[in-house]
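my_file-v3.txt follows; it contains compact mmCIF, C-alpha atoms.
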```
# COMPACT_ATOMS: atom_id res chain seq x y z
CA MET N 134 15.51 -14.05 -37.19
CA GLU N 135 13.11 -16.68 -35.84
CA LYS N 136 10.94 -16.24 -32.74
CA ILE N 137 11.11 -19.19 -30.36
CA SER N 138 9.01 -17.95 -27.39
CA ILE N 139 6.77 -15.09 -26.33
CA ASP N 140 5.90 -14.23 -22.71
CA GLU N 141 3.07 -11.74 -22.18
CA ASN N 142 0.95 -10.93 -19.13
CA ARG N 143 -2.53 -9.48 -19.10
CA PHE N 144 -2.95 -5.84 -18.18
CA PRO N 145 -5.26 -5.54 -15.13
CA LEU N 146 -8.96 -4.99 -15.78
CA ASP N 147 -9.83 -3.12 -12.57
CA LEU N 148 -8.84 0.51 -11.94
CA GLU N 149 -6.89 -0.13 -8.74
CA GLY N 150 -4.90 -2.88 -10.43
CA ARG N 151 -4.17 -0.62 -13.38
CA LEU N 152 -3.12 2.30 -11.17
CA ASN N 153 -0.89 0.04 -9.09
CA SER N 154 0.70 -1.25 -12.29
CA ILE N 155 1.23 2.03 -14.14
CA LEU N 156 2.73 3.82 -11.13
CA ASN N 157 5.47 1.17 -11.08
CA VAL N 158 6.36 2.42 -14.58
CA VAL N 159 6.23 6.19 -14.13
CA ASN N 160 7.63 6.54 -10.60
CA THR N 161 10.96 7.56 -12.18
CA GLU N 162 11.60 9.62 -15.30
CA LEU N 163 14.23 7.11 -16.47
CA LYS N 164 11.56 4.38 -16.59
CA SER N 165 9.19 6.67 -18.49
CA VAL N 166 11.93 7.42 -21.03
CA THR N 167 12.61 3.70 -21.39
CA LEU N 168 8.97 2.88 -22.14
CA LEU N 169 8.79 5.75 -24.63
CA HIS N 170 11.58 4.11 -26.66
CA LEU N 171 9.84 0.76 -27.07
CA ASP N 172 7.62 -0.17 -30.02
CA ASP N 173 6.35 -3.23 -31.91
CA HIS N 174 9.85 -4.57 -32.53
CA ALA N 175 11.55 -6.51 -29.73
CA VAL N 176 14.78 -4.92 -28.49
CA ASN N 177 17.22 -5.75 -25.69
CA GLY N 178 19.01 -3.45 -23.24
CA ASP N 179 21.74 -2.58 -25.75
CA GLY N 180 19.12 -1.64 -28.30
CA ILE N 181 17.19 0.49 -25.82
CA ILE N 182 20.23 2.49 -24.76
CA GLU N 183 21.15 2.99 -28.42
CA ARG N 184 17.70 4.37 -29.19
CA ILE N 185 17.78 6.70 -26.18
CA SER N 186 21.34 7.86 -26.93
CA ASN N 187 20.35 8.75 -30.49
CA ASN N 188 17.61 11.01 -29.10
CA CYS N 189 19.27 12.26 -25.94
CA LYS N 190 22.86 13.43 -26.36
CA GLY N 191 25.16 13.72 -23.34
CA GLY N 192 24.43 13.35 -19.65
CA TYR N 193 23.89 10.33 -17.45
CA LEU N 194 22.57 7.01 -18.75
CA PRO N 195 22.91 3.70 -16.88
CA ASN N 196 24.30 0.53 -18.40
CA PRO N 197 22.13 -1.65 -20.70
CA LEU N 198 21.34 -4.12 -17.91
CA THR N 199 19.33 -1.42 -16.14
CA PHE N 200 17.00 -1.02 -19.13
CA SER N 201 16.57 -4.80 -19.43
CA ALA N 202 15.76 -4.92 -15.70
CA TYR N 203 13.11 -2.21 -16.09
CA CYS N 204 11.43 -4.29 -18.79
CA LEU N 205 11.72 -7.61 -16.96
CA HIS N 206 10.78 -6.51 -13.44
CA SER N 207 8.49 -3.47 -13.94
CA PHE N 208 6.98 -3.53 -17.44
CA LEU N 209 6.54 -7.27 -18.15
CA PRO N 210 4.67 -8.24 -14.93
CA ILE N 211 1.98 -5.58 -15.48
CA GLY N 212 1.41 -6.37 -19.16
CA ALA N 213 2.96 -3.21 -20.63
CA VAL N 214 5.54 -5.17 -22.62
CA ALA N 215 5.95 -8.69 -23.94
CA LYS N 216 9.19 -10.65 -23.71
CA GLU N 217 10.44 -12.38 -26.86
CA GLU N 218 13.27 -14.83 -27.41
CA VAL N 219 14.53 -14.93 -30.99
CA ILE N 220 17.27 -16.85 -32.77
CA ARG N 221 19.52 -14.50 -34.67
CA ASP N 222 20.92 -15.35 -38.09
CA ASP N 223 24.24 -16.30 -36.47
CA GLY N 224 22.48 -18.83 -34.21
CA SER N 225 22.68 -16.80 -30.99
CA ILE N 226 19.58 -16.18 -28.84
CA MET N 227 18.42 -12.64 -28.06
CA VAL N 228 15.95 -11.75 -25.34
CA GLY N 229 14.08 -8.60 -26.25
CA TYR N 230 11.00 -6.62 -25.25
CA ARG N 231 8.22 -4.97 -27.26
CA LEU N 232 5.11 -3.03 -26.34
CA THR N 233 1.78 -4.75 -25.84
CA GLU N 234 -1.49 -3.18 -26.95
CA SER N 235 -2.10 -1.99 -23.38
CA GLY N 236 1.44 -0.61 -23.22
CA LYS N 237 0.72 1.44 -26.31
CA LYS N 238 -2.80 2.50 -25.29
CA TYR N 239 -2.13 3.45 -21.66
CA GLY N 240 1.60 3.27 -21.00
CA LEU N 241 2.87 5.63 -23.69
CA PRO N 242 0.47 8.57 -23.07
CA ILE N 243 0.80 8.34 -19.27
CA ALA N 244 4.60 8.04 -19.47
CA MET N 245 4.76 11.16 -21.66
CA PHE N 246 2.33 13.01 -19.39
CA SER N 247 4.46 12.09 -16.36
CA LEU N 248 7.66 13.20 -18.05
CA LYS N 249 6.09 16.55 -18.98
CA TRP N 250 4.76 16.95 -15.44
CA ALA N 251 8.21 16.49 -13.93
CA GLU N 252 9.76 19.01 -16.31
CA GLU N 253 7.00 21.61 -15.89
CA TYR N 254 7.12 21.57 -12.09
CA GLY N 255 10.86 20.94 -11.78
CA GLU N 256 10.56 17.87 -9.57
CA SER N 257 11.00 14.14 -10.15
CA LEU N 258 7.94 12.00 -9.47
CA PHE N 259 10.30 9.78 -7.48
CA ASN N 260 10.01 12.39 -4.70
CA THR N 261 6.29 11.67 -4.52
CA PHE N 262 6.00 7.96 -5.31
CA GLY N 263 9.30 6.52 -4.10
CA ALA N 264 10.87 3.25 -5.16
CA THR N 265 9.10 0.08 -6.28
CA SER N 266 11.59 -1.89 -4.18
CA SER N 267 10.08 -0.40 -1.02
CA PRO N 268 9.53 -2.51 2.14
CA GLY N 269 6.32 -4.49 2.51
CA ASP N 270 4.02 -6.37 0.15
CA ILE N 271 2.40 -3.16 -1.11
CA ARG N 272 4.77 -0.99 -3.08
CA ALA N 273 5.26 2.65 -2.14
CA PRO N 274 3.95 4.26 -5.39
CA PHE N 275 0.48 2.71 -5.05
CA ALA N 276 0.34 3.16 -1.26
CA ARG N 277 1.18 6.86 -1.55
CA ALA N 278 -1.34 7.36 -4.33
CA LYS N 279 -4.04 5.77 -2.16
CA ILE N 280 -3.08 8.02 0.76
CA LEU N 281 -3.35 11.12 -1.42
CA GLU N 282 -6.67 10.04 -2.92
CA THR N 283 -8.11 9.29 0.52
CA LEU N 284 -7.00 12.62 2.00
CA TYR N 285 -8.50 14.39 -1.02
CA LYS N 286 -11.89 13.32 0.39
CA GLY N 287 -11.04 14.73 3.82
CA LYS N 288 -8.65 14.35 6.75
CA SER N 289 -7.84 10.84 7.89
CA TYR N 290 -5.95 9.10 10.68
CA VAL N 291 -3.03 6.69 10.40
CA SER N 292 -5.15 3.79 11.67
CA GLU N 293 -7.71 4.44 8.92
CA LEU N 294 -5.02 4.71 6.25
CA ASN N 295 -3.42 1.49 7.48
CA GLU N 296 -6.73 -0.33 7.16
CA LEU N 297 -7.33 1.12 3.71
CA ILE N 298 -3.93 0.05 2.39
CA GLY N 299 -3.92 -3.26 4.23
CA TYR N 300 -1.53 -2.84 7.14
CA THR N 301 -2.35 -3.87 10.70
CA ASN N 302 0.74 -2.89 12.72
CA ILE N 303 0.46 0.88 13.13
CA SER N 304 3.85 1.57 14.68
CA GLY N 305 5.78 -0.67 12.28
CA SER N 306 3.81 -0.17 9.05
CA PRO N 307 5.26 1.41 5.93
CA THR N 308 2.34 3.89 6.07
CA LEU N 309 4.25 6.01 8.60
CA ARG N 310 7.26 6.11 6.28
CA ASP N 311 5.06 7.02 3.32
CA LEU N 312 3.35 9.77 5.32
CA LYS N 313 6.72 11.16 6.36
CA LYS N 314 7.89 11.25 2.73
CA LEU N 315 4.69 12.88 1.47
CA GLN N 316 4.82 15.42 4.29
CA GLY N 317 8.47 16.16 3.57
CA ASN N 318 7.52 16.77 -0.05
CA GLY N 319 4.89 19.30 0.97
CA LEU N 320 1.87 17.29 -0.27
CA ILE N 321 0.31 16.58 3.13
CA ASN N 322 0.47 17.88 6.68
CA SER N 323 -0.61 16.75 10.13
CA ASP N 324 -2.25 18.40 13.12
CA SER N 325 0.63 19.60 15.31
CA ARG N 326 -1.48 19.16 18.45
CA PHE N 327 -0.97 15.39 18.18
CA ASN N 328 2.44 13.84 18.77
CA TYR N 329 4.08 10.44 18.69
CA THR N 330 5.15 8.75 21.94
CA SER N 331 8.29 6.64 22.24
CA GLU N 332 7.53 3.30 23.87
CA TYR N 333 10.26 0.91 24.98
CA VAL N 334 9.61 -2.83 24.68
CA TYR N 335 11.55 -5.39 26.73
CA VAL N 336 13.80 -7.79 24.81
CA ASN N 337 14.59 -11.08 26.56
CA LYS N 338 18.36 -11.37 26.54
CA ASP N 339 20.95 -13.17 28.66
CA GLY N 340 23.07 -11.16 31.08
CA GLU N 341 22.65 -7.89 32.89
CA PRO N 342 22.98 -4.40 31.40
CA THR N 343 25.78 -2.05 32.34
CA LYS N 344 24.83 0.94 34.45
CA TRP N 345 24.27 4.33 32.88
CA ARG N 346 26.79 6.98 33.98
CA ASN N 347 26.15 8.21 37.56
CA CYS N 348 22.79 6.49 37.95
CA PRO N 349 23.54 2.82 38.76
CA ASN N 350 20.59 2.44 41.16
CA LEU N 351 18.10 4.09 38.84
CA THR N 352 19.38 2.01 35.92
CA SER N 353 18.68 -1.18 37.89
CA LYS N 354 15.21 0.04 38.86
CA VAL N 355 14.36 0.99 35.26
CA PHE N 356 15.56 -2.36 33.97
CA ASP N 357 13.56 -4.26 36.59
CA LEU N 358 10.45 -2.24 35.71
CA LEU N 359 10.95 -2.85 31.98
CA ARG N 360 11.46 -6.57 32.55
CA SER N 361 8.31 -6.90 34.65
CA GLU N 362 6.00 -4.58 32.68
CA LYS N 363 7.36 -5.55 29.23
CA ARG N 364 6.49 -2.09 27.82
CA VAL N 365 7.18 1.32 29.38
CA VAL N 366 7.27 4.98 28.38
CA VAL N 367 9.46 7.73 29.83
CA GLY N 368 6.60 9.11 31.93
CA ASP N 369 6.15 5.74 33.66
CA ILE N 370 9.64 5.98 35.13
CA SER N 371 9.29 9.56 36.31
CA MET N 372 6.04 8.77 38.12
CA LYS N 373 7.08 5.36 39.46
CA PHE N 374 10.33 6.55 41.02
CA ASN N 375 9.39 10.18 41.66
CA HIS N 376 12.16 11.23 39.28
CA LYS N 377 11.84 14.78 37.94
CA SER N 378 14.11 14.52 34.87
CA ASN N 379 12.44 12.89 31.87
CA GLN N 380 15.70 13.31 29.94
CA ILE N 381 17.63 11.07 32.35
CA SER N 382 14.85 8.47 32.16
CA ARG N 383 14.99 8.64 28.38
CA ASP N 384 18.79 8.36 28.38
CA ILE N 385 18.66 5.23 30.55
CA LEU N 386 16.06 3.61 28.29
CA ASN N 387 18.14 4.45 25.23
CA HIS N 388 21.17 3.00 27.03
CA LEU N 389 19.27 -0.26 27.55
CA THR N 390 18.15 -0.18 23.92
CA ASN N 391 21.73 0.22 22.68
CA GLN N 392 22.70 -2.88 24.66
CA GLY N 393 19.89 -4.93 23.14
CA PHE N 394 17.67 -5.19 26.24
CA ALA N 395 14.91 -3.04 24.73
CA LYS N 396 13.65 -1.75 21.41
CA ARG N 397 12.07 1.61 20.77
CA VAL N 398 8.80 1.91 18.86
CA LEU N 399 6.50 4.80 18.03
CA THR N 400 2.97 4.75 19.41
CA GLY N 401 0.13 7.21 19.24
CA GLY N 402 0.44 7.51 15.47
CA SER N 403 -3.09 6.23 14.99
CA ASN N 404 -4.44 9.41 16.62
CA ILE N 405 -2.69 11.84 14.29
CA PRO N 406 -4.96 13.35 11.61
CA TYR N 407 -3.43 14.10 8.20
CA PHE N 408 -4.75 16.35 5.45
CA LEU N 409 -3.72 17.56 2.00
CA THR N 410 -1.90 20.83 1.52
CA GLU N 411 -2.63 23.12 -1.43
CA LYS N 412 0.22 21.43 -3.30
CA GLY N 413 -1.31 18.04 -2.53
CA ILE N 414 -4.76 19.07 -3.74
CA PHE N 415 -3.24 20.43 -6.95
CA PHE N 416 -1.31 17.19 -7.53
CA VAL N 417 -4.36 15.00 -7.01
CA GLU N 418 -6.64 17.10 -9.20
CA ASN N 419 -4.19 17.69 -12.03
CA TYR N 420 -2.13 14.48 -12.05
CA LEU N 421 -3.67 11.54 -10.19
CA LEU N 422 -7.27 12.10 -11.28
CA LYS N 423 -6.16 12.49 -14.90
CA VAL N 424 -4.18 9.25 -14.72
CA ASN N 425 -7.18 7.46 -13.17
CA ASP N 426 -9.49 8.83 -15.86
CA THR N 427 -7.09 7.73 -18.60
CA LEU N 428 -6.89 4.21 -17.15
CA SER N 429 -10.72 4.17 -17.03
CA ASP N 430 -10.94 5.02 -20.77
CA GLY N 431 -12.28 8.47 -19.92
CA LYS N 432 -11.98 11.75 -21.78
CA PHE N 433 -8.35 12.28 -20.80
CA LEU N 434 -7.25 9.13 -22.65
CA SER N 435 -7.70 10.82 -26.02
CA GLU N 436 -6.24 14.09 -24.71
CA LEU N 437 -3.06 12.48 -23.33
CA THR N 438 -2.75 10.28 -26.43
CA SER N 439 -2.87 13.36 -28.64
CA GLU N 440 -0.27 15.11 -26.47
CA TYR N 441 1.94 12.03 -26.69
CA HIS N 442 1.88 12.01 -30.50
CA ASP N 443 2.56 15.75 -30.66
CA MET N 444 5.56 15.53 -28.33
CA ILE N 445 7.15 12.29 -29.56
CA SER N 446 7.69 13.82 -33.01
CA SER N 447 8.61 17.25 -31.67
CA GLU N 448 12.10 18.76 -31.76
CA ARG N 449 11.63 19.45 -28.05
CA PHE N 450 11.37 15.79 -27.09
CA PRO N 451 15.15 15.24 -26.64
CA GLU N 452 15.35 18.26 -24.34
CA LEU N 453 12.32 17.03 -22.37
CA MET N 454 13.96 13.63 -21.89
CA ARG N 455 17.27 15.03 -20.73
CA ARG N 456 15.63 17.39 -18.23
CA GLY N 457 13.46 14.60 -16.88
CA ILE N 458 16.39 12.22 -16.46
CA ASN N 459 18.45 14.94 -14.76
CA LEU N 460 15.65 15.58 -12.26
CA TYR N 461 15.64 11.90 -11.33
CA VAL N 462 19.42 11.63 -11.17
CA LYS N 463 19.49 14.41 -8.55
CA VAL N 464 17.23 12.51 -6.13
CA SER N 465 17.99 8.85 -6.85
CA PRO N 466 19.83 7.40 -3.81
CA ARG N 467 21.49 4.73 -5.92
CA ILE N 468 22.64 7.05 -8.70
CA CYS N 469 23.86 9.67 -6.24
CA ARG N 470 25.86 7.00 -4.44
CA LEU N 471 27.32 5.68 -7.69
CA SER N 472 28.00 9.23 -8.90
CA GLY N 473 29.91 9.97 -5.70
CA ASP N 474 32.06 6.87 -6.16
CA MET N 475 32.70 7.76 -9.79
CA THR N 476 33.73 11.29 -8.83
CA LYS N 477 36.21 9.98 -6.26
CA LYS N 478 37.68 7.67 -8.90
CA ARG N 479 38.02 10.60 -11.29
CA ILE N 480 39.78 12.64 -8.59
CA GLU N 481 42.29 9.81 -8.07
CA ASP N 482 42.91 9.52 -11.81
CA TYR N 483 43.37 13.28 -12.05
CA LEU N 484 45.88 13.38 -9.19
CA LYS N 485 47.90 10.59 -10.77
CA LEU N 486 48.56 12.95 -13.67
CA ASN N 487 48.47 16.19 -11.67
CA PRO N 488 49.88 15.59 -8.17
CA GLY N 489 49.79 18.57 -5.83
CA SER N 490 46.64 20.08 -7.36
CA THR N 491 44.53 22.55 -5.41
CA PRO N 492 40.74 22.15 -5.07
CA THR N 493 40.19 25.06 -7.45
CA LYS N 494 42.40 23.46 -10.09
CA MET N 495 40.63 20.11 -9.70
CA GLU N 496 37.19 21.71 -9.98
CA SER N 497 38.27 23.39 -13.20
CA GLY N 498 39.94 20.32 -14.65
CA LEU N 499 37.21 17.84 -13.71
CA LYS N 500 34.26 20.22 -14.20
CA VAL N 501 33.05 19.32 -10.68
CA SER N 502 31.52 21.77 -8.20
CA ARG N 503 31.92 21.61 -4.41
CA ILE N 504 34.80 19.17 -4.75
CA GLN N 505 35.67 19.62 -1.08
CA ASN N 506 32.65 17.40 -0.28
CA HIS N 507 34.58 14.55 -1.93
CA LEU N 508 38.09 15.46 -0.79
CA THR N 509 37.33 15.48 2.94
CA PRO N 510 36.09 11.87 3.17
CA MET N 511 38.94 10.75 0.91
CA ILE N 512 41.41 12.29 3.36
CA LYS N 513 39.68 10.58 6.29
CA SER N 514 39.78 7.20 4.55
CA SER N 515 43.51 7.70 3.73
CA ARG N 516 42.96 7.66 -0.01
CA LEU N 517 44.50 11.15 -0.24
CA LYS N 518 46.86 13.35 1.73
CA LYS N 519 47.20 17.12 1.73
CA GLU N 520 49.91 19.66 2.35
CA SER N 521 49.41 23.34 3.17
CA SER N 522 51.57 26.26 2.20
CA GLY N 523 50.34 29.67 3.19
CA ARG N 524 46.69 29.92 2.25
CA SER N 525 46.86 27.15 -0.37
CA THR N 526 46.26 23.41 0.09
CA TYR N 527 47.69 20.79 -2.24
CA TYR N 528 46.41 17.22 -2.61
CA TYR N 529 48.27 14.00 -3.41
CA LEU N 530 47.50 10.31 -3.69
CA VAL N 531 48.59 8.23 -0.73
```

Would you mind writing the structure in this file as structure tokens?
Amino acid sequence: MEKISIDENRFPLDLEGRLNSILNVVNTELKSVTLLHLDDHAVNGDGIIERISNNCKGGYLPNPLTFSAYCLHSFLPIGAVAKEEVIRDDGSIMVGYRLTESGKKYGLPIAMFSLKWAEEYGESLFNTFGATSSPGDIRAPFARAKILETLYKGKSYVSELNELIGYTNISGSPTLRDLKKLQGNGLINSDSRFNYTSEYVYVNKDGEPTKWRNCPNLTSKVFDLLRSEKRVVVGDISMKFNHKSNQISRDILNHLTNQGFAKRVLTGGSNIPYFLTEKGIFFVENYLLKVNDTLSDGKFLSELTSEYHDMISSERFPELMRRGINLYVKVSPRICRLSGDMTKKRIEDYLKLNPGSTPTKMESGLKVSRIQNHLTPMIKSSRLKKESSGRSTYYYLV
């Protein structure tokens, strides 16, 4: 084979750039596994899935295009891999990927460390870092890492975190979404004495809104107030019109929002202080700080490199990979959606051969648990029909 082109980017020199880059690699266990199966020899998606399959028997693996996409969109831009085009002996051109020196020095030990972390604590790092395809110019993995590092130094407010990460619009910034995810994962918490306020912003639109239920006069008054003031909160209406029910005021504003005459935004978020929980402190001290130290050529670089070499040649490595991938599969929105569609297709194929099957029989035959979660929406969408006899229910294709 003859090489015809090589595309390689430089790995960042500064720590923030390196952290931003490496978190786009290890935010899912499937990416970490992919990087761990690359070496000095260029390989395409088919070759990557073959290498992984040889090490990791059974269970979910995506199609080869997914592995090529990881290399092209996550690994190549940060300098962890190089892209090669080679002419095969038969004259065809193959696009493949191989590790760079930085990919070997930093990527491999941190990918193995991340995979071991997920297995040891039974949780995919995707729960913490989120997707690289997140909204905004700054990707979620780096933004969330910066939030955690900042809160490790002490409590901080949304406005301060926005400024740190580079956002200016408090109510619409991805920071609020990242904080919600980190809080839901138990890494951070907020002071419950501070709350968000819903603010309704007027939207200039032709026509007049319909009246809400039994409050035509109040609906008109609320709309006129919104149109003149441009921004209102529920309390404004109660005080302005001496109306005692905040719920009715809120319902009218939501009614106007549903018709496109207003939009609802959250305000007051800048005044909410956030802080790390014990779980968050543990994660920063035992994961993030070690990754930062490794990327800074500190003492943990040699430690994680040694652990990588021990594990990559260990008989336990295949089991580690499979457990890590399974943890990610459970929380990946895309895979869960695809898995649900695949299960429904399997149910249809099964009922073609076994019409009139009961849920218990299908669970046994398909090796699927909680099959009723799939059968109910299939009935509603008219893909299946059911018949009952006594205490048994039988399912058929429509």

In Å, how far is it from CA of Asp426 (chain N) to CA of Arg455 (chain N)?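 Going from CA of Asp426 (chain N) over to CA of Arg455 (chain N), I get 27.9 Å.
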
Point out the residue among N:Val228, N:Gln316, N:Pro197, N:Val159 with the least atom-to-atom distance to Tyr407 (chain N), counting all atoms listed in the file.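 So, comparing all the options, the nearest one is N:Gln316.
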
Test item: residues at most 10 Å from region 483-487 of chain N, all atoms listed in the file, excluding those fewer than 6 positions along its chain, as a list in words: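 The neighbour list is Lys477, Lys494, Met495, Gly498, Leu499, Leu517, Tyr528, Tyr529 and Leu530 of chain N.
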
Point-to-point distance from CA of Arg364 (chain N) to CA of Trp345 (chain N), Å rounded to tenths: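 Value for the CA of Arg364 (chain N)-CA of Trp345 (chain N) distance: 19.6 Å.
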
Asp443 (chain N): which residues within 12 Å, counting only C-alpha atoms, same-chain residues fewer than 6 positions away excluded, as an MDAnalysis selection string? chainID N and resid 242 245:246 436:437 449:450

Nearest residue to Pro342 (chain N) from the set N:Ser361, N:Ser514, N:Asn391, N:Thr410 (distances using all atoms listed in the file):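 Selected residue with least distance to Pro342 (chain N): N:Asn391.
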
Dump region 357-400 of chain N with C-alpha atoms to a file, as a tab-separated table (two decimals), in the first residue's frame.
```tsv
chain	number	residue	atom	x	y	z
N	357	ASP	CA	-52.73	45.02	27.15
N	358	LEU	CA	-50.33	45.16	30.11
N	359	LEU	CA	-47.92	42.72	28.45
N	360	ARG	CA	-48.02	44.68	25.19
N	361	SER	CA	-47.31	47.99	26.90
N	362	GLU	CA	-44.73	46.83	29.47
N	363	LYS	CA	-43.05	44.27	27.17
N	364	ARG	CA	-42.06	42.10	30.17
N	365	VAL	CA	-44.23	41.03	33.13
N	366	VAL	CA	-44.22	38.50	35.95
N	367	VAL	CA	-47.22	36.86	37.61
N	368	GLY	CA	-46.99	39.17	40.63
N	369	ASP	CA	-47.33	42.24	38.40
N	370	ILE	CA	-50.80	41.14	37.33
N	371	SER	CA	-52.02	40.33	40.82
N	372	MET	CA	-50.94	43.74	42.11
N	373	LYS	CA	-52.01	45.75	39.06
N	374	PHE	CA	-55.55	44.36	38.91
N	375	ASN	CA	-55.99	43.50	42.59
N	376	HIS	CA	-56.37	39.85	41.61
N	377	LYS	CA	-55.83	37.38	44.44
N	378	SER	CA	-55.16	34.21	42.42
N	379	ASN	CA	-51.60	33.97	41.09
N	380	GLN	CA	-52.53	30.66	39.44
N	381	ILE	CA	-55.17	32.29	37.22
N	382	SER	CA	-52.68	35.01	36.27
N	383	ARG	CA	-50.12	32.36	35.43
N	384	ASP	CA	-52.67	30.36	33.41
N	385	ILE	CA	-53.58	33.44	31.35
N	386	LEU	CA	-49.92	34.21	30.64
N	387	ASN	CA	-49.31	30.59	29.64
N	388	HIS	CA	-52.40	30.81	27.42
N	389	LEU	CA	-50.91	33.84	25.67
N	390	THR	CA	-47.58	32.03	25.39
N	391	ASN	CA	-49.22	29.00	23.74
N	392	GLN	CA	-50.74	31.32	21.14
N	393	GLY	CA	-47.39	32.91	20.35
N	394	PHE	CA	-48.03	36.34	21.91
N	395	ALA	CA	-45.45	35.81	24.67
N	396	LYS	CA	-42.45	33.67	25.55
N	397	ARG	CA	-41.51	32.46	28.98
N	398	VAL	CA	-37.96	32.88	30.32
N	399	LEU	CA	-36.32	32.18	33.65
N	400	THR	CA	-34.88	35.09	35.59
```
